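See below for the structure under consideration.
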Amino acid sequence: MTRYALRVASVAAALGLWQLLTSLNVDLWLRFSQFPTVADVARAFADRLAGDDYWTDLTDSLTRIITGFLLAAVLGVATGVLVARSRLAEDLLGPVLEVVRPIPAIALVPVAILLFPSNEQGIVFITFTAAFFPVLVSTRHAVRALAPGWEEAVRTMGGGRWRILGAVVLPGALPGIFGGLSVGIGVSWICVISAEMISGQYGVGYRTWQDYTVVDYPGVFVGMVTIGVLGWATSTAVELLGRRLTRWLPRTSYVPTGRPRPGSARPPSPAPAAAPAVPTGPGPDPDPEEARDEHLV
């Protein structure tokens, strides 16, 4: 409860600072006087929620992001496993993928306009491309990082190629795969909003750009808040699904150093090291210089 209270307090503090700077028209290098206040954005948000266009934009953006992301998840995982497990596939597909991968997905908007008969299909293509390469790269590295002993154990017990794929490769690579999916969903939101601003009809990005062209700054901030909430919700859904599918992995929790958990006993302090034995018995006393040199050695 303390952690949730701190999170709520941090958001409230940020909103309070925003309201204070904008209501006082503070202009210290950053021009907060040009910003709408939190109250203005809240009133614009309430007006949008009461209309039908907001929900139409929301549905269109979610449809595009889910369609493109699911295609990228399936094809990215399949291609990553294929490239990691097959030298022939790596030689045939690897060079092409590595040349296309550095190209920003938003730079493919002209290609999508020329290639697809409708803007809707082009936006889904941009979304797919944005998520495909993070999933592909994460899957490839996760598969190659698997310990070879697992595969050898399955082969020893008579398992074939498909058995190894289903019992070793995919389960072992799941943490890396979901790491790529988490990155991919965030990049997909960036690109789908940009594509909607350029060539979309309806959608959160399209509506945000239209509000900017008519100098409706509270509407622009409504779009920004909507994009942030949708991105957070989808990223959280991907993370929760990943935890559900990898619940067999050991989980660690953060414990501050030096602060034992409530109810746990403090570990006993280690016993002091025994002092070196002093020889006793007859014989001449050792020379102090020799004893000092021997101690140093």
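Residue names in the structure tokens use chain letters A, B, ... in the order shown, residue numbers from 1 in each chain, and ligand numbers from 1 in the order shown.
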Polymer residues at most 10 Å from A:Ala145, only C-alpha atoms, same-chain spacing of 2 or more positions, as number ranges by chain: A: 84, 139-143, 147-148, 172-173, 176
Could you take the residues named above and write them with N, CA and C atoms, as a tab-separated table (two decimals), in the first residue's frame?
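Written out: selection.tsv:
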chain	number	residue	atom	x	y	z
A	84	ALA	N	17.74	-18.45	-35.85
A	84	ALA	CA	18.66	-18.90	-34.80
A	84	ALA	C	18.96	-20.39	-34.90
A	139	THR	N	14.08	-12.65	-29.88
A	139	THR	CA	13.89	-14.09	-29.99
A	139	THR	C	15.16	-14.78	-30.46
A	140	ARG	N	15.82	-14.19	-31.44
A	140	ARG	CA	17.05	-14.78	-31.97
A	140	ARG	C	18.12	-14.89	-30.89
A	141	HIS	N	18.32	-13.82	-30.13
A	141	HIS	CA	19.33	-13.86	-29.07
A	141	HIS	C	18.93	-14.82	-27.95
A	142	ALA	N	17.64	-14.87	-27.62
A	142	ALA	CA	17.20	-15.76	-26.54
A	142	ALA	C	17.39	-17.22	-26.92
A	143	VAL	N	17.12	-17.57	-28.18
A	143	VAL	CA	17.28	-18.96	-28.62
A	143	VAL	C	18.75	-19.34	-28.65
A	147	ALA	N	21.15	-23.08	-23.07
A	147	ALA	CA	22.20	-24.05	-22.74
A	147	ALA	C	22.06	-25.29	-23.62
A	148	PRO	N	23.11	-25.75	-24.27
A	148	PRO	CA	23.01	-26.92	-25.15
A	148	PRO	C	22.70	-28.22	-24.41
A	172	GLY	N	12.32	-22.09	-23.06
A	172	GLY	CA	13.55	-21.45	-22.59
A	172	GLY	C	13.73	-20.04	-23.08
A	173	ALA	N	13.20	-19.75	-24.26
A	173	ALA	CA	13.35	-18.41	-24.85
A	173	ALA	C	12.23	-17.45	-24.47
A	176	GLY	N	13.12	-13.90	-23.00
A	176	GLY	CA	13.65	-13.00	-24.02
A	176	GLY	C	12.60	-12.58	-25.02
Residues of stretch 25-240 of chain A in strand (DSSP E) according to DSSP, as a PDB file with N, CA, C and O atoms, in the first residue's frame?
ATOM      1  N   ASP A  27       7.451  32.038 -17.160  1.00  0.00           N
ATOM      2  CA  ASP A  27       8.244  32.037 -18.383  1.00  0.00           C
ATOM      3  C   ASP A  27       9.717  32.197 -18.024  1.00  0.00           C
ATOM      4  O   ASP A  27      10.302  33.269 -18.147  1.00  0.00           O
ATOM      5  N   LEU A  28      10.303  31.140 -17.516  1.00  0.00           N
ATOM      6  CA  LEU A  28      11.724  31.105 -17.208  1.00  0.00           C
ATOM      7  C   LEU A  28      12.391  30.161 -18.189  1.00  0.00           C
ATOM      8  O   LEU A  28      12.570  28.972 -17.920  1.00  0.00           O
ATOM      9  N   LEU A  30      11.591  28.192 -20.332  1.00  0.00           N
ATOM     10  CA  LEU A  30      10.459  27.394 -20.800  1.00  0.00           C
ATOM     11  C   LEU A  30       9.180  28.217 -20.672  1.00  0.00           C
ATOM     12  O   LEU A  30       8.899  28.780 -19.619  1.00  0.00           O
ATOM     13  N   ARG A  31       8.396  28.273 -21.735  1.00  0.00           N
ATOM     14  CA  ARG A  31       7.226  29.156 -21.776  1.00  0.00           C
ATOM     15  C   ARG A  31       5.976  28.398 -21.341  1.00  0.00           C
ATOM     16  O   ARG A  31       5.203  27.907 -22.167  1.00  0.00           O
TER      17      ARG A  31
END
Tell me, in Å to one decimal, how far atom CA of A:Leu24 is from atom CA of A:Arg207.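 So the answer is 29.0 Å.
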To one decimal place, how far is atom CA of A:Leu71 from atom CA of A:Thr208 in Å?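 That distance, rounded to one decimal, is 26.3 Å.
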Taking only C-alpha atoms into account, which of A:Arg163, A:Arg3, A:Arg155, A:Arg101 comes nearest A:Ala131?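 Looking only at the distances to A:Ala131, the closest residue turns out to be A:Arg101.
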What does the distance between atom CA of A:Ala112 and atom CA of A:Val222 come to in Å, to one decimal place?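 A separation of 28.4 Å between them.
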Who sits within 8 Å of A:Gly231, only C-alpha atoms, same chain under 6 positions skipped, as a VMD selection string: chain A and resid 185 to 186 189
Could you please write out, as a compact mmCIF listing (two decimals) with N, CA, C and O atoms, in the first residue's frame, every residue of stretch 139-263 of chain A that DSSP assigns to helix (DSSP H, G or I)?
# COMPACT_ATOMS: atom_id res chain seq x y z
N THR A 139 14.08 -12.65 -29.88
CA THR A 139 13.89 -14.09 -29.99
C THR A 139 15.16 -14.78 -30.46
O THR A 139 15.56 -15.83 -29.94
N ARG A 140 15.82 -14.19 -31.44
CA ARG A 140 17.05 -14.78 -31.97
C ARG A 140 18.12 -14.89 -30.89
O ARG A 140 18.76 -15.94 -30.73
N HIS A 141 18.32 -13.82 -30.13
CA HIS A 141 19.33 -13.86 -29.07
C HIS A 141 18.93 -14.82 -27.95
O HIS A 141 19.79 -15.50 -27.38
N ALA A 142 17.64 -14.87 -27.62
CA ALA A 142 17.20 -15.76 -26.54
C ALA A 142 17.39 -17.22 -26.92
O ALA A 142 17.79 -18.04 -26.09
N VAL A 143 17.12 -17.57 -28.18
CA VAL A 143 17.28 -18.96 -28.62
C VAL A 143 18.75 -19.34 -28.65
O VAL A 143 19.14 -20.44 -28.23
N ARG A 144 19.59 -18.45 -29.12
CA ARG A 144 21.02 -18.76 -29.19
C ARG A 144 21.68 -18.83 -27.82
O ARG A 144 22.74 -19.43 -27.68
N PRO A 148 23.11 -25.75 -24.27
CA PRO A 148 23.01 -26.92 -25.15
C PRO A 148 22.70 -28.22 -24.41
O PRO A 148 22.24 -29.18 -25.02
N GLY A 149 22.94 -28.25 -23.11
CA GLY A 149 22.68 -29.48 -22.36
C GLY A 149 21.21 -29.86 -22.34
O GLY A 149 20.88 -31.05 -22.30
N TRP A 150 20.30 -28.88 -22.39
CA TRP A 150 18.87 -29.20 -22.39
C TRP A 150 18.50 -29.96 -23.66
O TRP A 150 17.79 -30.96 -23.62
N GLU A 151 18.97 -29.47 -24.78
CA GLU A 151 18.66 -30.14 -26.05
C GLU A 151 19.27 -31.53 -26.11
O GLU A 151 18.64 -32.49 -26.58
N GLU A 152 20.48 -31.67 -25.61
CA GLU A 152 21.12 -32.98 -25.60
C GLU A 152 20.36 -33.95 -24.71
O GLU A 152 20.26 -35.15 -25.03
N ALA A 153 19.81 -33.47 -23.60
CA ALA A 153 19.04 -34.35 -22.72
C ALA A 153 17.79 -34.85 -23.42
O ALA A 153 17.42 -36.03 -23.30
N VAL A 154 17.11 -33.99 -24.15
CA VAL A 154 15.91 -34.42 -24.87
C VAL A 154 16.27 -35.42 -25.96
O VAL A 154 15.56 -36.41 -26.19
N ARG A 155 17.37 -35.18 -26.66
CA ARG A 155 17.80 -36.13 -27.70
C ARG A 155 18.16 -37.49 -27.09
O ARG A 155 17.88 -38.54 -27.68
N THR A 156 18.75 -37.44 -25.90
CA THR A 156 19.12 -38.71 -25.25
C THR A 156 17.89 -39.53 -24.91
O THR A 156 17.91 -40.77 -25.00
N ARG A 161 13.04 -33.29 -33.42
CA ARG A 161 13.20 -31.86 -33.63
C ARG A 161 12.02 -31.07 -33.07
O ARG A 161 12.19 -30.05 -32.42
N TRP A 162 10.81 -31.54 -33.33
CA TRP A 162 9.62 -30.82 -32.86
C TRP A 162 9.49 -30.90 -31.34
O TRP A 162 9.01 -29.97 -30.69
N ARG A 163 9.92 -32.01 -30.77
CA ARG A 163 9.90 -32.14 -29.32
C ARG A 163 10.86 -31.16 -28.68
O ARG A 163 10.55 -30.54 -27.66
N ILE A 164 12.03 -31.00 -29.27
CA ILE A 164 13.01 -30.04 -28.76
C ILE A 164 12.47 -28.62 -28.88
O ILE A 164 12.61 -27.80 -27.97
N LEU A 165 11.80 -28.33 -30.00
CA LEU A 165 11.25 -27.00 -30.20
C LEU A 165 10.18 -26.67 -29.16
O LEU A 165 10.15 -25.56 -28.61
N GLY A 166 9.30 -27.64 -28.88
CA GLY A 166 8.20 -27.38 -27.97
C GLY A 166 8.56 -27.49 -26.51
O GLY A 166 7.93 -26.84 -25.66
N ALA A 167 9.56 -28.33 -26.17
CA ALA A 167 9.90 -28.56 -24.76
C ALA A 167 11.12 -27.80 -24.29
O ALA A 167 11.31 -27.64 -23.08
N VAL A 168 11.96 -27.34 -25.20
CA VAL A 168 13.21 -26.70 -24.81
C VAL A 168 13.31 -25.28 -25.37
O VAL A 168 13.48 -24.31 -24.62
N VAL A 169 13.20 -25.14 -26.69
CA VAL A 169 13.51 -23.87 -27.34
C VAL A 169 12.51 -22.78 -26.95
O VAL A 169 12.88 -21.72 -26.43
N LEU A 170 11.22 -23.04 -27.18
CA LEU A 170 10.22 -22.00 -26.91
C LEU A 170 10.09 -21.70 -25.41
O LEU A 170 10.08 -20.52 -25.03
N PRO A 171 9.98 -22.71 -24.53
CA PRO A 171 9.91 -22.35 -23.11
C PRO A 171 11.16 -21.64 -22.60
O PRO A 171 11.07 -20.70 -21.81
N GLY A 172 12.32 -22.09 -23.06
CA GLY A 172 13.55 -21.45 -22.59
C GLY A 172 13.73 -20.04 -23.08
O GLY A 172 14.35 -19.21 -22.41
N ALA A 173 13.20 -19.75 -24.26
CA ALA A 173 13.35 -18.41 -24.85
C ALA A 173 12.23 -17.45 -24.47
O ALA A 173 12.28 -16.28 -24.86
N LEU A 174 11.22 -17.90 -23.73
CA LEU A 174 10.08 -17.06 -23.41
C LEU A 174 10.45 -15.75 -22.71
O LEU A 174 9.91 -14.69 -23.05
N PRO A 175 11.35 -15.75 -21.72
CA PRO A 175 11.70 -14.46 -21.10
C PRO A 175 12.25 -13.45 -22.11
O PRO A 175 11.87 -12.27 -22.09
N GLY A 176 13.12 -13.90 -23.00
CA GLY A 176 13.65 -13.00 -24.02
C GLY A 176 12.60 -12.58 -25.02
O GLY A 176 12.58 -11.44 -25.49
N ILE A 177 11.70 -13.50 -25.37
CA ILE A 177 10.64 -13.18 -26.32
C ILE A 177 9.74 -12.09 -25.76
O ILE A 177 9.39 -11.12 -26.46
N PHE A 178 9.35 -12.20 -24.50
CA PHE A 178 8.47 -11.19 -23.93
C PHE A 178 9.20 -9.88 -23.68
O PHE A 178 8.56 -8.82 -23.64
N GLY A 179 10.50 -9.93 -23.53
CA GLY A 179 11.25 -8.67 -23.50
C GLY A 179 11.14 -7.93 -24.83
O GLY A 179 10.93 -6.72 -24.87
N GLY A 180 11.24 -8.67 -25.94
CA GLY A 180 11.06 -8.06 -27.25
C GLY A 180 9.64 -7.60 -27.49
O GLY A 180 9.41 -6.56 -28.12
N LEU A 181 8.66 -8.35 -26.98
CA LEU A 181 7.26 -7.93 -27.13
C LEU A 181 6.98 -6.64 -26.37
O LEU A 181 6.22 -5.78 -26.85
N SER A 182 7.56 -6.50 -25.19
CA SER A 182 7.36 -5.28 -24.41
C SER A 182 7.95 -4.06 -25.14
O SER A 182 7.34 -2.99 -25.16
N VAL A 183 9.12 -4.24 -25.73
CA VAL A 183 9.70 -3.15 -26.51
C VAL A 183 8.88 -2.88 -27.77
O VAL A 183 8.63 -1.73 -28.15
N GLY A 184 8.43 -3.97 -28.42
CA GLY A 184 7.70 -3.82 -29.67
C GLY A 184 6.38 -3.10 -29.52
O GLY A 184 5.99 -2.31 -30.38
N ILE A 185 5.65 -3.33 -28.42
CA ILE A 185 4.36 -2.68 -28.26
C ILE A 185 4.54 -1.17 -28.07
O ILE A 185 3.73 -0.36 -28.56
N GLY A 186 5.61 -0.77 -27.39
CA GLY A 186 5.86 0.66 -27.23
C GLY A 186 6.23 1.33 -28.54
O GLY A 186 5.73 2.42 -28.86
N VAL A 187 7.10 0.69 -29.33
CA VAL A 187 7.48 1.25 -30.62
C VAL A 187 6.29 1.28 -31.57
O VAL A 187 6.14 2.20 -32.38
N SER A 188 5.42 0.29 -31.46
CA SER A 188 4.23 0.24 -32.32
C SER A 188 3.33 1.44 -32.07
O SER A 188 2.78 2.03 -33.02
N TRP A 189 3.16 1.82 -30.82
CA TRP A 189 2.33 3.00 -30.52
C TRP A 189 2.93 4.26 -31.11
O TRP A 189 2.22 5.12 -31.64
N ILE A 190 4.24 4.41 -31.02
CA ILE A 190 4.89 5.58 -31.60
C ILE A 190 4.62 5.66 -33.10
O ILE A 190 4.27 6.72 -33.65
N CYS A 191 4.77 4.53 -33.78
CA CYS A 191 4.66 4.54 -35.23
C CYS A 191 3.21 4.62 -35.70
O CYS A 191 2.91 5.24 -36.72
N VAL A 192 2.27 3.98 -34.99
CA VAL A 192 0.88 4.04 -35.43
C VAL A 192 0.34 5.46 -35.27
O VAL A 192 -0.43 5.95 -36.11
N ILE A 193 0.73 6.16 -34.20
CA ILE A 193 0.29 7.54 -34.03
C ILE A 193 0.89 8.42 -35.11
O ILE A 193 0.20 9.29 -35.69
N SER A 194 2.16 8.22 -35.43
CA SER A 194 2.79 9.00 -36.49
C SER A 194 2.15 8.72 -37.84
O SER A 194 1.94 9.65 -38.64
N ALA A 195 1.86 7.45 -38.11
CA ALA A 195 1.22 7.12 -39.38
C ALA A 195 -0.18 7.71 -39.47
O ALA A 195 -0.61 8.17 -40.55
N GLU A 196 -0.91 7.72 -38.38
CA GLU A 196 -2.24 8.33 -38.39
C GLU A 196 -2.16 9.84 -38.62
O GLU A 196 -3.03 10.42 -39.28
N MET A 197 -1.13 10.47 -38.10
CA MET A 197 -0.96 11.90 -38.34
C MET A 197 -0.67 12.20 -39.81
O MET A 197 -1.07 13.24 -40.33
N ILE A 198 0.04 11.28 -40.48
CA ILE A 198 0.45 11.54 -41.85
C ILE A 198 -0.65 11.17 -42.85
O ILE A 198 -1.01 11.95 -43.73
N SER A 199 -1.21 9.98 -42.70
CA SER A 199 -2.13 9.50 -43.74
C SER A 199 -3.37 8.83 -43.18
O SER A 199 -4.04 8.09 -43.90
N VAL A 204 -6.51 8.24 -32.84
CA VAL A 204 -6.05 9.19 -31.83
C VAL A 204 -4.98 10.12 -32.41
O VAL A 204 -4.98 11.34 -32.16
N GLY A 205 -4.06 9.58 -33.19
CA GLY A 205 -3.03 10.41 -33.80
C GLY A 205 -3.61 11.41 -34.79
O GLY A 205 -3.21 12.57 -34.82
N TYR A 206 -4.55 10.98 -35.61
CA TYR A 206 -5.20 11.87 -36.57
C TYR A 206 -5.91 13.01 -35.85
O TYR A 206 -5.79 14.17 -36.22
N ARG A 207 -6.64 12.68 -34.79
CA ARG A 207 -7.40 13.70 -34.07
C ARG A 207 -6.46 14.67 -33.35
O ARG A 207 -6.72 15.89 -33.29
N THR A 208 -5.36 14.17 -32.82
CA THR A 208 -4.40 15.05 -32.15
C THR A 208 -3.79 16.05 -33.12
O THR A 208 -3.63 17.24 -32.80
N TRP A 209 -3.46 15.58 -34.31
CA TRP A 209 -2.89 16.48 -35.32
C TRP A 209 -3.92 17.51 -35.79
O TRP A 209 -3.58 18.67 -36.03
N GLN A 210 -5.15 17.09 -35.94
CA GLN A 210 -6.20 18.03 -36.33
C GLN A 210 -6.40 19.11 -35.28
O GLN A 210 -6.60 20.29 -35.60
N ASP A 211 -6.34 18.74 -34.00
CA ASP A 211 -6.45 19.73 -32.94
C ASP A 211 -5.28 20.71 -32.98
O ASP A 211 -5.46 21.92 -32.70
N TYR A 212 -4.11 20.23 -33.34
CA TYR A 212 -2.96 21.14 -33.44
C TYR A 212 -3.13 22.12 -34.59
O TYR A 212 -2.78 23.31 -34.46
N THR A 213 -3.65 21.68 -35.72
CA THR A 213 -3.81 22.57 -36.88
C THR A 213 -4.83 23.67 -36.63
O THR A 213 -4.72 24.75 -37.21
N TYR A 217 -5.12 23.58 -28.20
CA TYR A 217 -4.07 22.96 -27.40
C TYR A 217 -4.62 22.07 -26.29
O TYR A 217 -4.01 21.02 -26.00
N PRO A 218 -5.72 22.39 -25.64
CA PRO A 218 -6.28 21.41 -24.70
C PRO A 218 -6.63 20.09 -25.38
O PRO A 218 -6.42 19.01 -24.79
N GLY A 219 -7.15 20.15 -26.61
CA GLY A 219 -7.43 18.92 -27.35
C GLY A 219 -6.16 18.14 -27.66
O GLY A 219 -6.16 16.90 -27.66
N VAL A 220 -5.07 18.85 -27.96
CA VAL A 220 -3.79 18.18 -28.20
C VAL A 220 -3.35 17.41 -26.97
O VAL A 220 -2.90 16.26 -27.04
N PHE A 221 -3.49 18.03 -25.80
CA PHE A 221 -3.08 17.36 -24.56
C PHE A 221 -4.03 16.21 -24.22
O PHE A 221 -3.60 15.22 -23.61
N VAL A 222 -5.29 16.31 -24.61
CA VAL A 222 -6.20 15.18 -24.44
C VAL A 222 -5.70 13.98 -25.26
O VAL A 222 -5.68 12.84 -24.77
N GLY A 223 -5.28 14.23 -26.49
CA GLY A 223 -4.72 13.16 -27.30
C GLY A 223 -3.45 12.58 -26.71
O GLY A 223 -3.25 11.36 -26.71
N MET A 224 -2.59 13.43 -26.19
CA MET A 224 -1.34 12.95 -25.59
C MET A 224 -1.61 12.07 -24.37
O MET A 224 -0.98 11.02 -24.20
N VAL A 225 -2.53 12.52 -23.53
CA VAL A 225 -2.87 11.73 -22.34
C VAL A 225 -3.48 10.39 -22.75
O VAL A 225 -3.17 9.34 -22.16
N THR A 226 -4.34 10.42 -23.77
CA THR A 226 -4.96 9.18 -24.24
C THR A 226 -3.91 8.21 -24.77
O THR A 226 -3.95 7.01 -24.47
N ILE A 227 -2.97 8.72 -25.53
CA ILE A 227 -1.90 7.86 -26.06
C ILE A 227 -1.08 7.26 -24.92
O ILE A 227 -0.74 6.06 -24.93
N GLY A 228 -0.75 8.08 -23.92
CA GLY A 228 0.03 7.57 -22.80
C GLY A 228 -0.69 6.48 -22.02
O GLY A 228 -0.10 5.46 -21.66
N VAL A 229 -1.99 6.69 -21.77
CA VAL A 229 -2.75 5.70 -21.01
C VAL A 229 -2.90 4.41 -21.82
O VAL A 229 -2.75 3.29 -21.28
N LEU A 230 -3.16 4.51 -23.12
CA LEU A 230 -3.29 3.31 -23.95
C LEU A 230 -1.96 2.56 -24.03
O LEU A 230 -1.94 1.32 -23.95
N GLY A 231 -0.88 3.28 -24.18
CA GLY A 231 0.43 2.62 -24.22
C GLY A 231 0.75 1.92 -22.92
O GLY A 231 1.26 0.79 -22.91
N TRP A 232 0.46 2.58 -21.80
CA TRP A 232 0.70 1.95 -20.49
C TRP A 232 -0.17 0.70 -20.30
O TRP A 232 0.30 -0.33 -19.81
N ALA A 233 -1.43 0.78 -20.72
CA ALA A 233 -2.34 -0.36 -20.53
C ALA A 233 -1.90 -1.55 -21.37
O ALA A 233 -1.88 -2.70 -20.88
N THR A 234 -1.53 -1.34 -22.62
CA THR A 234 -1.12 -2.45 -23.47
C THR A 234 0.22 -3.03 -23.03
O THR A 234 0.42 -4.25 -23.05
N SER A 235 1.15 -2.17 -22.63
CA SER A 235 2.44 -2.68 -22.13
C SER A 235 2.26 -3.50 -20.87
O SER A 235 2.90 -4.54 -20.68
N THR A 236 1.37 -3.04 -19.98
CA THR A 236 1.09 -3.79 -18.76
C THR A 236 0.45 -5.14 -19.07
O THR A 236 0.77 -6.16 -18.44
N ALA A 237 -0.44 -5.16 -20.06
CA ALA A 237 -1.07 -6.43 -20.44
C ALA A 237 -0.04 -7.42 -20.97
O ALA A 237 -0.08 -8.62 -20.63
N VAL A 238 0.90 -6.95 -21.78
CA VAL A 238 1.96 -7.83 -22.30
C VAL A 238 2.83 -8.34 -21.16
O VAL A 238 3.19 -9.52 -21.10
N GLU A 239 3.16 -7.47 -20.22
CA GLU A 239 4.00 -7.88 -19.09
C GLU A 239 3.29 -8.90 -18.21
O GLU A 239 3.90 -9.88 -17.76
N LEU A 240 2.02 -8.68 -17.93
CA LEU A 240 1.27 -9.63 -17.10
C LEU A 240 1.14 -10.98 -17.80
O LEU A 240 1.23 -12.03 -17.15
N LEU A 241 0.92 -10.97 -19.11
CA LEU A 241 0.86 -12.24 -19.85
C LEU A 241 2.20 -12.96 -19.80
O LEU A 241 2.25 -14.18 -19.64
N GLY A 242 3.29 -12.20 -19.91
CA GLY A 242 4.61 -12.81 -19.82
C GLY A 242 4.86 -13.43 -18.46
O GLY A 242 5.42 -14.53 -18.35
N ARG A 243 4.44 -12.75 -17.38
CA ARG A 243 4.61 -13.33 -16.04
C ARG A 243 3.76 -14.58 -15.88
O ARG A 243 4.16 -15.54 -15.21
N ARG A 244 2.58 -14.57 -16.49
CA ARG A 244 1.70 -15.73 -16.38
C ARG A 244 2.30 -16.94 -17.08
O ARG A 244 2.26 -18.06 -16.56
N LEU A 245 2.86 -16.73 -18.26
CA LEU A 245 3.40 -17.85 -19.03
C LEU A 245 4.77 -18.29 -18.53
O LEU A 245 5.21 -19.40 -18.87
Kindly indicate which residue among A:Val135, A:Leu17, A:Val8, A:Ala107 lies nearest to A:Val81, using only C-alpha atoms for the distances.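 Of A:Val135, A:Leu17, A:Val8, A:Ala107, the one nearest A:Val81, counting only C-alpha atoms, is A:Val135.
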Report as JSON, numbers by chain all protein, DNA and RNA residues lying within 6 Å of stretch 56-70 of chain A, evaluated on only C-alpha atoms, omitting residues in the same chain fewer than 4 positions from it. {"A": [124, 127, 128, 202, 203, 204]}
